[in-house]
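The file start.cif contains mmCIF, C-alpha atoms:
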```
data_input
loop_
_atom_site.group_PDB
_atom_site.id
_atom_site.type_symbol
_atom_site.label_atom_id
_atom_site.label_comp_id
_atom_site.auth_asym_id
_atom_site.auth_seq_id
_atom_site.Cartn_x
_atom_site.Cartn_y
_atom_site.Cartn_z
ATOM 1 C CA MET F 24 138.140 178.542 96.627
ATOM 2 C CA THR F 25 136.672 181.979 96.153
ATOM 3 C CA GLU F 26 132.990 182.465 96.755
ATOM 4 C CA TRP F 27 130.819 182.313 93.652
ATOM 5 C CA LYS F 28 129.497 185.713 92.712
ATOM 6 C CA PRO F 29 126.366 185.947 90.591
ATOM 7 C CA ARG F 30 126.764 188.204 87.574
ATOM 8 C CA ILE F 31 123.873 190.623 87.723
ATOM 9 C CA GLY F 32 122.982 192.332 84.455
ATOM 10 C CA VAL F 33 121.218 195.691 84.685
ATOM 11 C CA VAL F 34 119.582 196.970 81.498
ATOM 12 C CA THR F 35 119.822 200.656 80.645
ATOM 13 C CA PHE F 36 117.005 201.952 78.441
ATOM 14 C CA PRO F 37 116.810 205.534 77.171
ATOM 15 C CA GLY F 38 115.327 207.228 80.225
ATOM 16 C CA SER F 39 116.364 204.676 82.851
ATOM 17 C CA LEU F 40 117.323 206.447 86.082
ATOM 18 C CA ASP F 41 118.097 203.827 88.688
ATOM 19 C CA ASP F 42 120.401 201.593 86.669
ATOM 20 C CA ARG F 43 123.465 202.913 88.536
ATOM 21 C CA ASP F 44 121.851 202.350 91.921
ATOM 22 C CA ALA F 45 120.845 198.823 90.907
ATOM 23 C CA LEU F 46 124.424 198.070 89.818
ATOM 24 C CA ARG F 47 125.742 199.512 93.078
ATOM 25 C CA ALA F 48 123.259 197.529 95.155
ATOM 26 C CA ALA F 49 124.178 194.341 93.281
ATOM 27 C CA THR F 50 127.830 195.008 94.148
ATOM 28 C CA LEU F 51 127.080 195.806 97.805
ATOM 29 C CA MET F 52 125.135 192.572 98.083
ATOM 30 C CA GLY F 53 128.111 190.564 96.815
ATOM 31 C CA GLY F 54 127.312 190.264 93.135
ATOM 32 C CA GLU F 55 129.310 191.038 90.022
ATOM 33 C CA PRO F 56 127.614 193.952 88.249
ATOM 34 C CA GLN F 57 127.257 193.869 84.481
ATOM 35 C CA THR F 58 125.878 196.744 82.454
ATOM 36 C CA LEU F 59 123.498 195.830 79.637
ATOM 37 C CA TRP F 60 122.202 198.127 76.904
ATOM 38 C CA HIS F 61 118.701 198.235 75.430
ATOM 39 C CA GLY F 62 120.179 197.525 71.995
ATOM 40 C CA ASP F 63 122.057 194.397 73.109
ATOM 41 C CA ALA F 64 121.009 191.245 71.294
ATOM 42 C CA ASP F 65 122.272 188.950 74.055
ATOM 43 C CA LEU F 66 122.757 189.139 77.799
ATOM 44 C CA GLY F 67 126.445 188.240 77.850
ATOM 45 C CA GLY F 68 125.944 185.175 80.005
ATOM 46 C CA VAL F 69 124.692 186.942 83.134
ATOM 47 C CA ASP F 70 123.125 184.899 85.949
ATOM 48 C CA ALA F 71 120.249 187.302 86.601
ATOM 49 C CA VAL F 72 118.727 190.394 85.036
ATOM 50 C CA ILE F 73 117.382 193.583 86.603
ATOM 51 C CA LEU F 74 115.140 195.981 84.687
ATOM 52 C CA PRO F 75 115.638 199.196 86.672
ATOM 53 C CA GLY F 76 113.407 202.138 87.493
ATOM 54 C CA GLY F 77 113.099 205.328 85.527
ATOM 55 C CA PHE F 78 111.034 206.705 82.692
ATOM 56 C CA SER F 79 112.047 204.682 79.662
ATOM 57 C CA TYR F 80 111.139 206.425 76.414
ATOM 58 C CA GLY F 81 109.592 209.215 78.463
ATOM 59 C CA ASP F 82 106.710 206.936 79.507
ATOM 60 C CA TYR F 83 105.206 207.845 76.127
ATOM 61 C CA LEU F 84 102.110 205.927 74.993
ATOM 62 C CA ARG F 85 102.063 203.890 78.242
ATOM 63 C CA THR F 86 104.737 203.201 80.838
ATOM 64 C CA GLY F 87 106.995 200.470 79.502
ATOM 65 C CA ALA F 88 105.042 200.164 76.230
ATOM 66 C CA ILE F 89 107.940 201.153 73.982
ATOM 67 C CA ALA F 90 110.751 199.654 76.087
ATOM 68 C CA ARG F 91 109.172 196.207 75.905
ATOM 69 C CA PHE F 92 109.975 196.153 72.173
ATOM 70 C CA ALA F 93 113.632 197.109 72.681
ATOM 71 C CA THR F 94 116.092 194.649 71.135
ATOM 72 C CA VAL F 95 117.308 193.424 74.514
ATOM 73 C CA MET F 96 113.792 192.375 75.509
ATOM 74 C CA ASP F 97 113.885 189.425 73.086
ATOM 75 C CA ALA F 98 116.882 188.123 75.012
ATOM 76 C CA VAL F 99 115.261 188.911 78.376
ATOM 77 C CA GLY F 100 112.111 187.049 77.307
ATOM 78 C CA ALA F 101 114.115 183.992 76.225
ATOM 79 C CA PHE F 102 116.147 184.137 79.451
ATOM 80 C CA ALA F 103 112.963 184.262 81.546
ATOM 81 C CA GLU F 104 111.428 181.448 79.505
ATOM 82 C CA ASP F 105 114.506 179.370 80.268
ATOM 83 C CA GLY F 106 114.054 179.930 84.020
ATOM 84 C CA GLY F 107 116.504 182.805 84.371
ATOM 85 C CA PRO F 108 115.760 185.106 87.318
ATOM 86 C CA VAL F 109 114.464 188.547 86.314
ATOM 87 C CA LEU F 110 113.685 191.383 88.718
ATOM 88 C CA GLY F 111 111.684 194.382 87.506
ATOM 89 C CA ILE F 112 111.748 197.462 89.699
ATOM 90 C CA CYS F 113 109.206 200.268 89.207
ATOM 91 C CA ASN F 114 109.544 201.081 85.486
ATOM 92 C CA GLY F 115 111.094 197.627 85.105
ATOM 93 C CA PHE F 116 107.909 196.156 86.628
ATOM 94 C CA GLN F 117 105.812 198.176 84.171
ATOM 95 C CA ILE F 118 107.941 196.877 81.279
ATOM 96 C CA LEU F 119 107.530 193.240 82.412
ATOM 97 C CA CYS F 120 103.739 193.677 82.595
ATOM 98 C CA GLU F 121 103.649 195.252 79.143
ATOM 99 C CA ALA F 122 105.775 192.388 77.819
ATOM 100 C CA GLY F 123 103.300 189.879 79.237
ATOM 101 C CA LEU F 124 105.985 188.331 81.444
ATOM 102 C CA LEU F 125 103.952 189.354 84.498
ATOM 103 C CA PRO F 126 100.172 189.642 84.893
ATOM 104 C CA GLY F 127 98.277 192.910 85.264
ATOM 105 C CA ALA F 128 99.200 196.474 84.402
ATOM 106 C CA LEU F 129 100.141 199.711 86.138
ATOM 107 C CA ILE F 130 98.104 202.885 85.696
ATOM 108 C CA ARG F 131 98.167 206.398 87.150
ATOM 109 C CA ASN F 132 98.007 206.625 90.934
ATOM 110 C CA ARG F 133 94.555 206.988 92.443
ATOM 111 C CA THR F 134 95.540 210.386 93.874
ATOM 112 C CA LEU F 135 96.955 211.592 90.533
ATOM 113 C CA SER F 136 100.044 212.720 92.435
ATOM 114 C CA PHE F 137 103.548 211.391 92.225
ATOM 115 C CA VAL F 138 104.351 209.627 95.502
ATOM 116 C CA CYS F 139 107.858 209.591 96.922
ATOM 117 C CA ARG F 140 108.191 208.137 100.410
ATOM 118 C CA TRP F 141 108.969 205.099 102.504
ATOM 119 C CA VAL F 142 106.365 202.355 102.691
ATOM 120 C CA ASN F 143 106.153 198.883 104.137
ATOM 121 C CA ILE F 144 105.388 195.818 102.084
ATOM 122 C CA ARG F 145 104.431 192.367 103.299
ATOM 123 C CA ALA F 146 105.685 189.236 101.575
ATOM 124 C CA GLU F 147 102.638 187.179 100.660
ATOM 125 C CA ARG F 148 104.446 183.931 100.069
ATOM 126 C CA GLY F 149 107.902 182.599 100.691
ATOM 127 C CA LEU F 150 110.503 183.513 98.068
ATOM 128 C CA GLN F 151 113.732 181.815 99.146
ATOM 129 C CA THR F 152 115.245 184.516 101.408
ATOM 130 C CA ILE F 153 111.880 186.146 102.106
ATOM 131 C CA ALA F 154 109.520 184.373 104.497
ATOM 132 C CA ALA F 155 105.779 184.800 104.031
ATOM 133 C CA GLY F 156 104.648 187.571 106.360
ATOM 134 C CA ASP F 157 108.000 189.371 106.394
ATOM 135 C CA VAL F 158 107.560 193.146 106.407
ATOM 136 C CA LEU F 159 110.097 195.077 104.355
ATOM 137 C CA PRO F 160 110.575 198.845 104.652
ATOM 138 C CA VAL F 161 111.320 200.179 101.161
ATOM 139 C CA PRO F 162 110.907 203.489 99.318
ATOM 140 C CA ILE F 163 108.509 204.189 96.465
ATOM 141 C CA LYS F 164 108.657 207.007 93.905
ATOM 142 C CA HIS F 165 106.174 206.772 91.083
ATOM 143 C CA GLY F 166 103.244 208.486 89.374
ATOM 144 C CA GLU F 167 101.865 205.370 87.741
ATOM 145 C CA GLY F 168 102.033 202.553 90.225
ATOM 146 C CA GLN F 169 98.406 201.561 90.629
ATOM 147 C CA PHE F 170 98.342 197.840 89.915
ATOM 148 C CA VAL F 171 95.188 196.797 88.069
ATOM 149 C CA ALA F 172 93.691 193.794 86.315
ATOM 150 C CA SER F 173 90.172 192.521 85.737
ATOM 151 C CA GLU F 174 88.443 191.031 88.788
ATOM 152 C CA ALA F 175 88.667 187.573 87.209
ATOM 153 C CA GLU F 176 92.387 188.024 86.569
ATOM 154 C CA LEU F 177 92.930 189.322 90.120
ATOM 155 C CA ASP F 178 91.174 186.223 91.443
ATOM 156 C CA ARG F 179 93.427 184.027 89.334
ATOM 157 C CA ILE F 180 96.538 185.896 90.505
ATOM 158 C CA GLU F 181 95.465 185.372 94.119
ATOM 159 C CA ARG F 182 94.484 181.745 93.599
ATOM 160 C CA ASP F 183 97.776 180.870 91.900
ATOM 161 C CA GLY F 184 99.751 182.598 94.646
ATOM 162 C CA LEU F 185 101.280 185.170 92.326
ATOM 163 C CA VAL F 186 100.931 188.116 94.703
ATOM 164 C CA ALA F 187 104.463 188.664 95.990
ATOM 165 C CA PHE F 188 103.969 191.817 98.085
ATOM 166 C CA ARG F 189 101.179 193.996 99.456
ATOM 167 C CA TYR F 190 101.427 197.470 100.958
ATOM 168 C CA CYS F 191 100.960 197.269 104.722
ATOM 169 C CA SER F 192 101.437 198.979 108.073
ATOM 170 C CA PRO F 193 104.829 198.739 109.856
ATOM 171 C CA GLY F 194 103.262 195.847 111.756
ATOM 172 C CA GLY F 195 102.190 194.024 108.600
ATOM 173 C CA VAL F 196 98.492 194.926 108.508
ATOM 174 C CA VAL F 197 97.170 195.272 104.970
ATOM 175 C CA ASP F 198 94.629 198.069 104.796
ATOM 176 C CA ASP F 199 93.626 200.727 102.288
ATOM 177 C CA ALA F 200 95.087 203.340 104.656
ATOM 178 C CA PHE F 201 98.560 202.031 103.796
ATOM 179 C CA ASN F 202 97.936 201.784 100.064
ATOM 180 C CA PRO F 203 99.875 204.676 98.482
ATOM 181 C CA ASN F 204 98.509 204.475 94.928
ATOM 182 C CA GLY F 205 95.168 202.670 94.979
ATOM 183 C CA ALA F 206 96.648 199.378 93.779
ATOM 184 C CA ALA F 207 94.013 196.659 93.453
ATOM 185 C CA ARG F 208 93.960 194.548 96.627
ATOM 186 C CA GLY F 209 96.997 196.466 97.870
ATOM 187 C CA ILE F 210 99.286 194.665 95.462
ATOM 188 C CA ALA F 211 102.823 196.083 95.400
ATOM 189 C CA GLY F 212 104.495 193.262 93.486
ATOM 190 C CA VAL F 213 103.728 190.050 91.617
ATOM 191 C CA ARG F 214 105.628 187.039 90.317
ATOM 192 C CA ASN F 215 105.072 184.778 87.335
ATOM 193 C CA ASP F 216 103.752 181.215 87.478
ATOM 194 C CA SER F 217 107.174 179.596 87.620
ATOM 195 C CA GLY F 218 108.460 182.071 90.181
ATOM 196 C CA ASN F 219 111.576 183.264 88.344
ATOM 197 C CA VAL F 220 110.210 186.660 87.288
ATOM 198 C CA LEU F 221 109.385 189.183 90.013
ATOM 199 C CA GLY F 222 108.225 192.767 89.673
ATOM 200 C CA LEU F 223 107.458 195.415 92.257
ATOM 201 C CA MET F 224 106.841 199.161 92.379
ATOM 202 C CA PRO F 225 109.024 199.854 95.479
ATOM 203 C CA HIS F 226 112.771 200.278 95.077
ATOM 204 C CA PRO F 227 114.794 197.576 96.850
ATOM 205 C CA GLU F 228 117.995 198.968 95.317
ATOM 206 C CA HIS F 229 117.584 202.125 97.426
ATOM 207 C CA ALA F 230 117.255 200.081 100.620
ATOM 208 C CA VAL F 231 120.343 197.886 100.894
ATOM 209 C CA ASP F 232 122.975 200.125 102.522
ATOM 210 C CA PRO F 233 122.613 200.352 106.333
ATOM 211 C CA ASP F 234 124.478 203.687 106.257
ATOM 212 C CA LEU F 235 121.607 205.181 104.279
ATOM 213 C CA GLY F 236 118.558 203.917 106.149
ATOM 214 C CA PRO F 237 116.347 200.840 106.338
ATOM 215 C CA THR F 238 117.522 197.770 104.455
ATOM 216 C CA GLY F 239 114.256 196.154 103.359
ATOM 217 C CA GLY F 240 115.660 195.748 99.879
ATOM 218 C CA GLN F 241 118.366 193.315 100.926
ATOM 219 C CA SER F 242 116.103 190.293 101.001
ATOM 220 C CA VAL F 243 114.759 191.098 97.529
ATOM 221 C CA PHE F 244 118.328 191.007 96.238
ATOM 222 C CA GLY F 245 118.798 187.886 98.321
ATOM 223 C CA TRP F 246 115.921 186.285 96.410
ATOM 224 C CA LEU F 247 117.524 187.249 93.089
ATOM 225 C CA PHE F 248 120.938 185.953 94.141
ATOM 226 C CA ASP F 249 119.549 182.662 95.470
ATOM 227 C CA ALA F 250 117.566 182.119 92.286
ATOM 228 C CA ALA F 251 120.724 182.808 90.244
ATOM 229 C CA ARG F 252 122.742 180.438 92.438
ATOM 230 C CA ALA F 253 120.164 177.653 92.175
ATOM 231 C CA ARG F 254 120.036 178.004 88.398
ATOM 232 C CA ALA F 255 123.855 178.008 88.073
ATOM 233 C CA ALA F 256 124.022 174.891 90.265
ATOM 234 C CA SER F 257 121.500 173.116 88.054
ATOM 235 C CA TYR F 258 123.784 173.728 85.063
ATOM 236 C CA ALA F 259 126.966 172.659 86.886
ATOM 237 C CA MET X 23 97.871 203.982 48.397
ATOM 238 C CA ARG X 24 97.863 206.007 51.563
ATOM 239 C CA PHE X 25 95.102 205.679 54.128
ATOM 240 C CA ARG X 26 94.461 207.966 57.060
ATOM 241 C CA PHE X 27 93.308 206.446 60.380
ATOM 242 C CA GLU X 28 92.452 207.549 63.857
ATOM 243 C CA VAL X 29 92.812 205.148 66.756
ATOM 244 C CA LEU X 30 90.887 205.954 69.921
ATOM 245 C CA VAL X 31 92.174 204.286 73.072
ATOM 246 C CA SER X 32 90.264 204.373 76.354
ATOM 247 C CA LEU X 33 90.580 202.766 79.762
ATOM 248 C CA LYS X 34 88.190 199.849 80.185
ATOM 249 C CA ASP X 35 84.876 200.900 81.703
ATOM 250 C CA ALA X 36 85.425 198.646 84.714
ATOM 251 C CA LEU X 37 88.551 200.597 85.702
ATOM 252 C CA LEU X 38 88.401 203.853 87.579
ATOM 253 C CA ASP X 39 89.935 206.560 85.400
ATOM 254 C CA PRO X 40 91.863 208.912 87.708
ATOM 255 C CA GLN X 41 92.339 211.521 84.981
ATOM 256 C CA GLY X 42 88.656 211.515 84.070
ATOM 257 C CA LYS X 43 87.799 211.850 87.739
ATOM 258 C CA ALA X 44 90.083 214.859 88.133
ATOM 259 C CA VAL X 45 88.656 216.582 85.058
ATOM 260 C CA GLN X 46 85.126 215.891 86.240
ATOM 261 C CA GLY X 47 85.965 217.274 89.657
ATOM 262 C CA ALA X 48 87.133 220.556 88.124
ATOM 263 C CA LEU X 49 84.077 221.153 85.925
ATOM 264 C CA PRO X 50 81.661 222.325 88.672
ATOM 265 C CA ARG X 51 84.152 225.029 89.645
ATOM 266 C CA LEU X 52 83.716 226.427 86.141
ATOM 267 C CA GLY X 53 79.955 226.359 86.496
ATOM 268 C CA TRP X 54 79.227 223.066 84.725
ATOM 269 C CA SER X 55 77.750 220.942 87.473
ATOM 270 C CA ASN X 56 75.659 218.694 85.210
ATOM 271 C CA VAL X 57 78.535 216.603 83.772
ATOM 272 C CA SER X 58 79.250 212.998 84.701
ATOM 273 C CA GLU X 59 81.047 209.912 83.391
ATOM 274 C CA VAL X 60 84.091 211.825 82.165
ATOM 275 C CA ARG X 61 86.753 209.521 80.711
ATOM 276 C CA VAL X 62 90.121 210.606 79.357
ATOM 277 C CA GLY X 63 91.658 208.562 76.555
ATOM 278 C CA LYS X 64 94.164 208.805 73.760
ATOM 279 C CA HIS X 65 93.750 209.801 70.168
ATOM 280 C CA ILE X 66 96.389 208.537 67.749
ATOM 281 C CA ALA X 67 96.273 209.686 64.136
ATOM 282 C CA LEU X 68 98.368 207.926 61.504
ATOM 283 C CA THR X 69 98.804 207.326 57.796
ATOM 284 C CA VAL X 70 99.425 203.857 56.372
ATOM 285 C CA GLU X 71 100.799 203.021 52.950
ATOM 286 C CA ALA X 72 99.193 199.778 51.710
ATOM 287 C CA ASP X 73 97.904 198.054 48.577
ATOM 288 C CA ASP X 74 94.271 198.407 49.534
ATOM 289 C CA GLU X 75 91.946 199.491 52.299
ATOM 290 C CA THR X 76 91.441 195.974 53.701
ATOM 291 C CA ALA X 77 95.162 195.448 54.185
ATOM 292 C CA ALA X 78 95.592 198.888 55.723
ATOM 293 C CA THR X 79 92.699 198.365 58.153
ATOM 294 C CA ALA X 80 93.939 194.912 59.179
ATOM 295 C CA GLN X 81 97.381 196.341 59.880
ATOM 296 C CA VAL X 82 96.036 199.172 62.022
ATOM 297 C CA GLN X 83 93.884 196.693 63.964
ATOM 298 C CA GLU X 84 96.959 194.598 64.683
ATOM 299 C CA MET X 85 99.052 197.619 65.641
ATOM 300 C CA ALA X 86 96.312 198.751 68.007
ATOM 301 C CA THR X 87 96.071 195.318 69.608
ATOM 302 C CA ARG X 88 99.792 194.701 70.028
ATOM 303 C CA PHE X 89 101.164 198.135 70.681
ATOM 304 C CA LEU X 90 98.903 201.173 70.644
ATOM 305 C CA SER X 91 96.684 199.765 73.387
ATOM 306 C CA ASN X 92 97.189 197.365 76.279
ATOM 307 C CA PRO X 93 94.306 194.846 76.223
ATOM 308 C CA VAL X 94 94.705 194.311 79.983
ATOM 309 C CA ILE X 95 93.469 197.819 80.741
ATOM 310 C CA GLU X 96 92.282 199.446 77.536
ATOM 311 C CA ASP X 97 89.773 199.181 74.693
ATOM 312 C CA PHE X 98 90.324 200.733 71.293
ATOM 313 C CA GLN X 99 88.404 201.787 68.245
ATOM 314 C CA VAL X 100 89.840 202.230 64.754
ATOM 315 C CA LEU X 101 88.321 204.912 62.555
ATOM 316 C CA GLU X 102 89.319 205.327 58.937
ATOM 317 C CA VAL X 103 89.090 208.991 58.166
ATOM 318 C CA GLU X 104 89.579 209.251 54.419
ATOM 319 C CA PRO X 105 92.087 208.126 51.826
ATOM 320 C CA ALA X 106 95.084 210.368 52.262
ATOM 321 C CA SER X 107 96.205 212.351 49.267
#
```
What is this structure when it is put down as structure tokens?
Amino acid sequence: MTEWKPRIGVVTFPGSLDDRDALRAATLMGGEPQTLWHGDADLGGVDAVILPGGFSYGDYLRTGAIARFATVMDAVGAFAEDGGPVLGICNGFQILCEAGLLPGALIRNRTLSFVCRWVNIRAERGLQTIAAGDVLPVPIKHGEGQFVASEAELDRIERDGLVAFRYCSPGGVVDDAFNPNGAARGIAGVRNDSGNVLGLMPHPEHAVDPDLGPTGGQSVFGWLFDAARARAASYA
Amino acid sequence: MRFRFEVLVSLKDALLDPQGKAVQGALPRLGWSNVSEVRVGKHIALTVEADDETAATAQVQEMATRFLSNPVIEDFQVLEVEPAS
């Protein structure tokens, strides 16, 4: 019997940049890549969806504000509602926040500058392949990655355990010195209440190939694959 | 009938506005050192075709809530300028 391979759909919006890398990473990690288009009305039966990084619709109005109304987003919303695993990376994270599938919003970096470098993020709670406290080296590259929400909403996010990742030192210490964009409470990524939608500003798809550097992104893909596997098993 | 509107969108007061901060930081270099509380927002002008003013205003309010602003981070204000010709 051949090993089951999750079919990973990656949506291309006008202005997406990292769709190819996400497809490649999905393949490297043992998945079956499936291209999806912003105008698609259905997801073609994929087991998981990735909204990739980039500058969809030129970031006009607000990052992700126009992409969230793309045709495919109706299908992504229904898929997420049904428990389907969805990973939003960078612009994909911004789109999920705009769509209300994740809490909070992303605004311009505190420094006003675009940041492009390696950072470390600490997993705040266990997500299948990722143990709480795990430190993942991953790259960031964004101008608008400052996670914000009202203080009351931040408290709720914390209380409900929705913080997935915080920026930290290589040793896992969370401190403002390691916060590259001024994100509230150092938040680099959040999940939804049911845990099947995850968004983060760093780029796990650029950190899966050991020939190219650190591989902190592997466990994020591992989370996506495990969630896809668990969901497929529940339908079997 | 056609109605002309302006929608003003601004970051919520509780949020630090990095753009406003940068603009404010540059003003003293130009000799204006008495300026504070600079906030940068968006100005969206549009024309709506509707049966009457009430319907047009209600539609712009809804557009501003659902799309032109993000209620998580922004406030907005709808101004009707004048009936468009």
Which residues are near region 219-221 of chain F? Cut-off 8 Å, all atoms listed in the file, ignore same chain within fewer than 4 positions. Put them as a compact mmCIF listing (two decimals) with C-alpha atoms, in the frame of the given file.
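Okay, this is what ended up in selection.txt:
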```txt
# COMPACT_ATOMS: atom_id res chain seq x y z
CA ALA F 103 112.96 184.26 81.55
CA GLY F 106 114.05 179.93 84.02
CA GLY F 107 116.50 182.80 84.37
CA PRO F 108 115.76 185.11 87.32
CA VAL F 109 114.46 188.55 86.31
CA LEU F 110 113.68 191.38 88.72
CA GLY F 111 111.68 194.38 87.51
CA PHE F 116 107.91 196.16 86.63
CA LEU F 124 105.98 188.33 81.44
CA LEU F 125 103.95 189.35 84.50
CA ALA F 187 104.46 188.66 95.99
CA GLY F 212 104.50 193.26 93.49
CA VAL F 213 103.73 190.05 91.62
CA ARG F 214 105.63 187.04 90.32
CA ASN F 215 105.07 184.78 87.34
CA ALA F 250 117.57 182.12 92.29
```
Run the PyMOL selection byres ((chain X) within 12 of (chain F)) against the file shown and list the residues it catches, as a PyMOL selection string. chain X and resi 31-45+62-66+86+88-96
Using the chain letters and numbers from this file, what does the PyMOL selection byres ((chain F and resi 244) around 9) select? Give the answer as a VMD selection string. chain F and resid 48 to 49 52 110 152 227 to 228 231 240 to 243 245 to 249
Neighbouring residues of Leu68 (chain X) were defined as those with any atom within 8 Å, considering all atoms listed in the file; residues of the same chain fewer than 5 positions away were excluded. Please report them as a VMD selection string. chain X and resid 26 to 28
Produce a file of the selected residues containing C-alpha atoms, as a CSV table (one decimal), in the frame of the given file.
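Result saved to again_6.csv:
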```csv
chain,number,residue,atom,x,y,z
X,26,ARG,CA,94.5,208.0,57.1
X,27,PHE,CA,93.3,206.4,60.4
X,28,GLU,CA,92.5,207.5,63.9
```
At a cut-off of 7 Å, using all atoms listed in the file, what residues contact Ala90 (chain F)? Leave out same-chain residues fewer than 6 positions from it and give the result as a ChimeraX atom specification. /F:79-80,118
Shortest interatomic distance to Ile153 (chain F) - which of F:Phe188, F:Gly77, F:Gly38, F:Pro56, counting only C-alpha atoms: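 Answer, going by the shortest atom-to-atom distance: F:Phe188.
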At what distance in Å, to one decimal, does CA of Pro37 (chain F) lie from CA of Val186 (chain F)? 29.4 Å
Expected selection from the PyMOL selection byres ((chain F and resi 191-197) around 12), given as a PyMOL selection string: chain F and resi 141-147+155-161+188-190+198-203+206+208-211+239
Dump of C-alpha atoms for the selected residues, as a tab-separated table (two decimals), keeping the file's coordinate frame:
```tsv
chain	number	residue	atom	x	y	z
F	141	TRP	CA	108.97	205.10	102.50
F	142	VAL	CA	106.36	202.36	102.69
F	143	ASN	CA	106.15	198.88	104.14
F	144	ILE	CA	105.39	195.82	102.08
F	145	ARG	CA	104.43	192.37	103.30
F	146	ALA	CA	105.68	189.24	101.58
F	147	GLU	CA	102.64	187.18	100.66
F	155	ALA	CA	105.78	184.80	104.03
F	156	GLY	CA	104.65	187.57	106.36
F	157	ASP	CA	108.00	189.37	106.39
F	158	VAL	CA	107.56	193.15	106.41
F	159	LEU	CA	110.10	195.08	104.36
F	160	PRO	CA	110.58	198.84	104.65
F	161	VAL	CA	111.32	200.18	101.16
F	188	PHE	CA	103.97	191.82	98.08
F	189	ARG	CA	101.18	194.00	99.46
F	190	TYR	CA	101.43	197.47	100.96
F	198	ASP	CA	94.63	198.07	104.80
F	199	ASP	CA	93.63	200.73	102.29
F	200	ALA	CA	95.09	203.34	104.66
F	201	PHE	CA	98.56	202.03	103.80
F	202	ASN	CA	97.94	201.78	100.06
F	203	PRO	CA	99.88	204.68	98.48
F	206	ALA	CA	96.65	199.38	93.78
F	208	ARG	CA	93.96	194.55	96.63
F	209	GLY	CA	97.00	196.47	97.87
F	210	ILE	CA	99.29	194.66	95.46
F	211	ALA	CA	102.82	196.08	95.40
F	239	GLY	CA	114.26	196.15	103.36
```
What separates CA of Val34 (chain F) and CA of Asp234 (chain F) is a distance of 26.1 Å
Could you tell me how far CA of Phe170 (chain F) lies from CA of Leu74 (chain F), in Å and to one decimal? 17.7 Å
With distances taken over all atoms listed in the file, which of X:Gly53, X:Ala48, X:Asp97, X:Phe25 is nearest to Thr79 (chain X)?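 Going through X:Gly53, X:Ala48, X:Asp97, X:Phe25 one by one, the smallest distance to Thr79 (chain X) is for X:Phe25.
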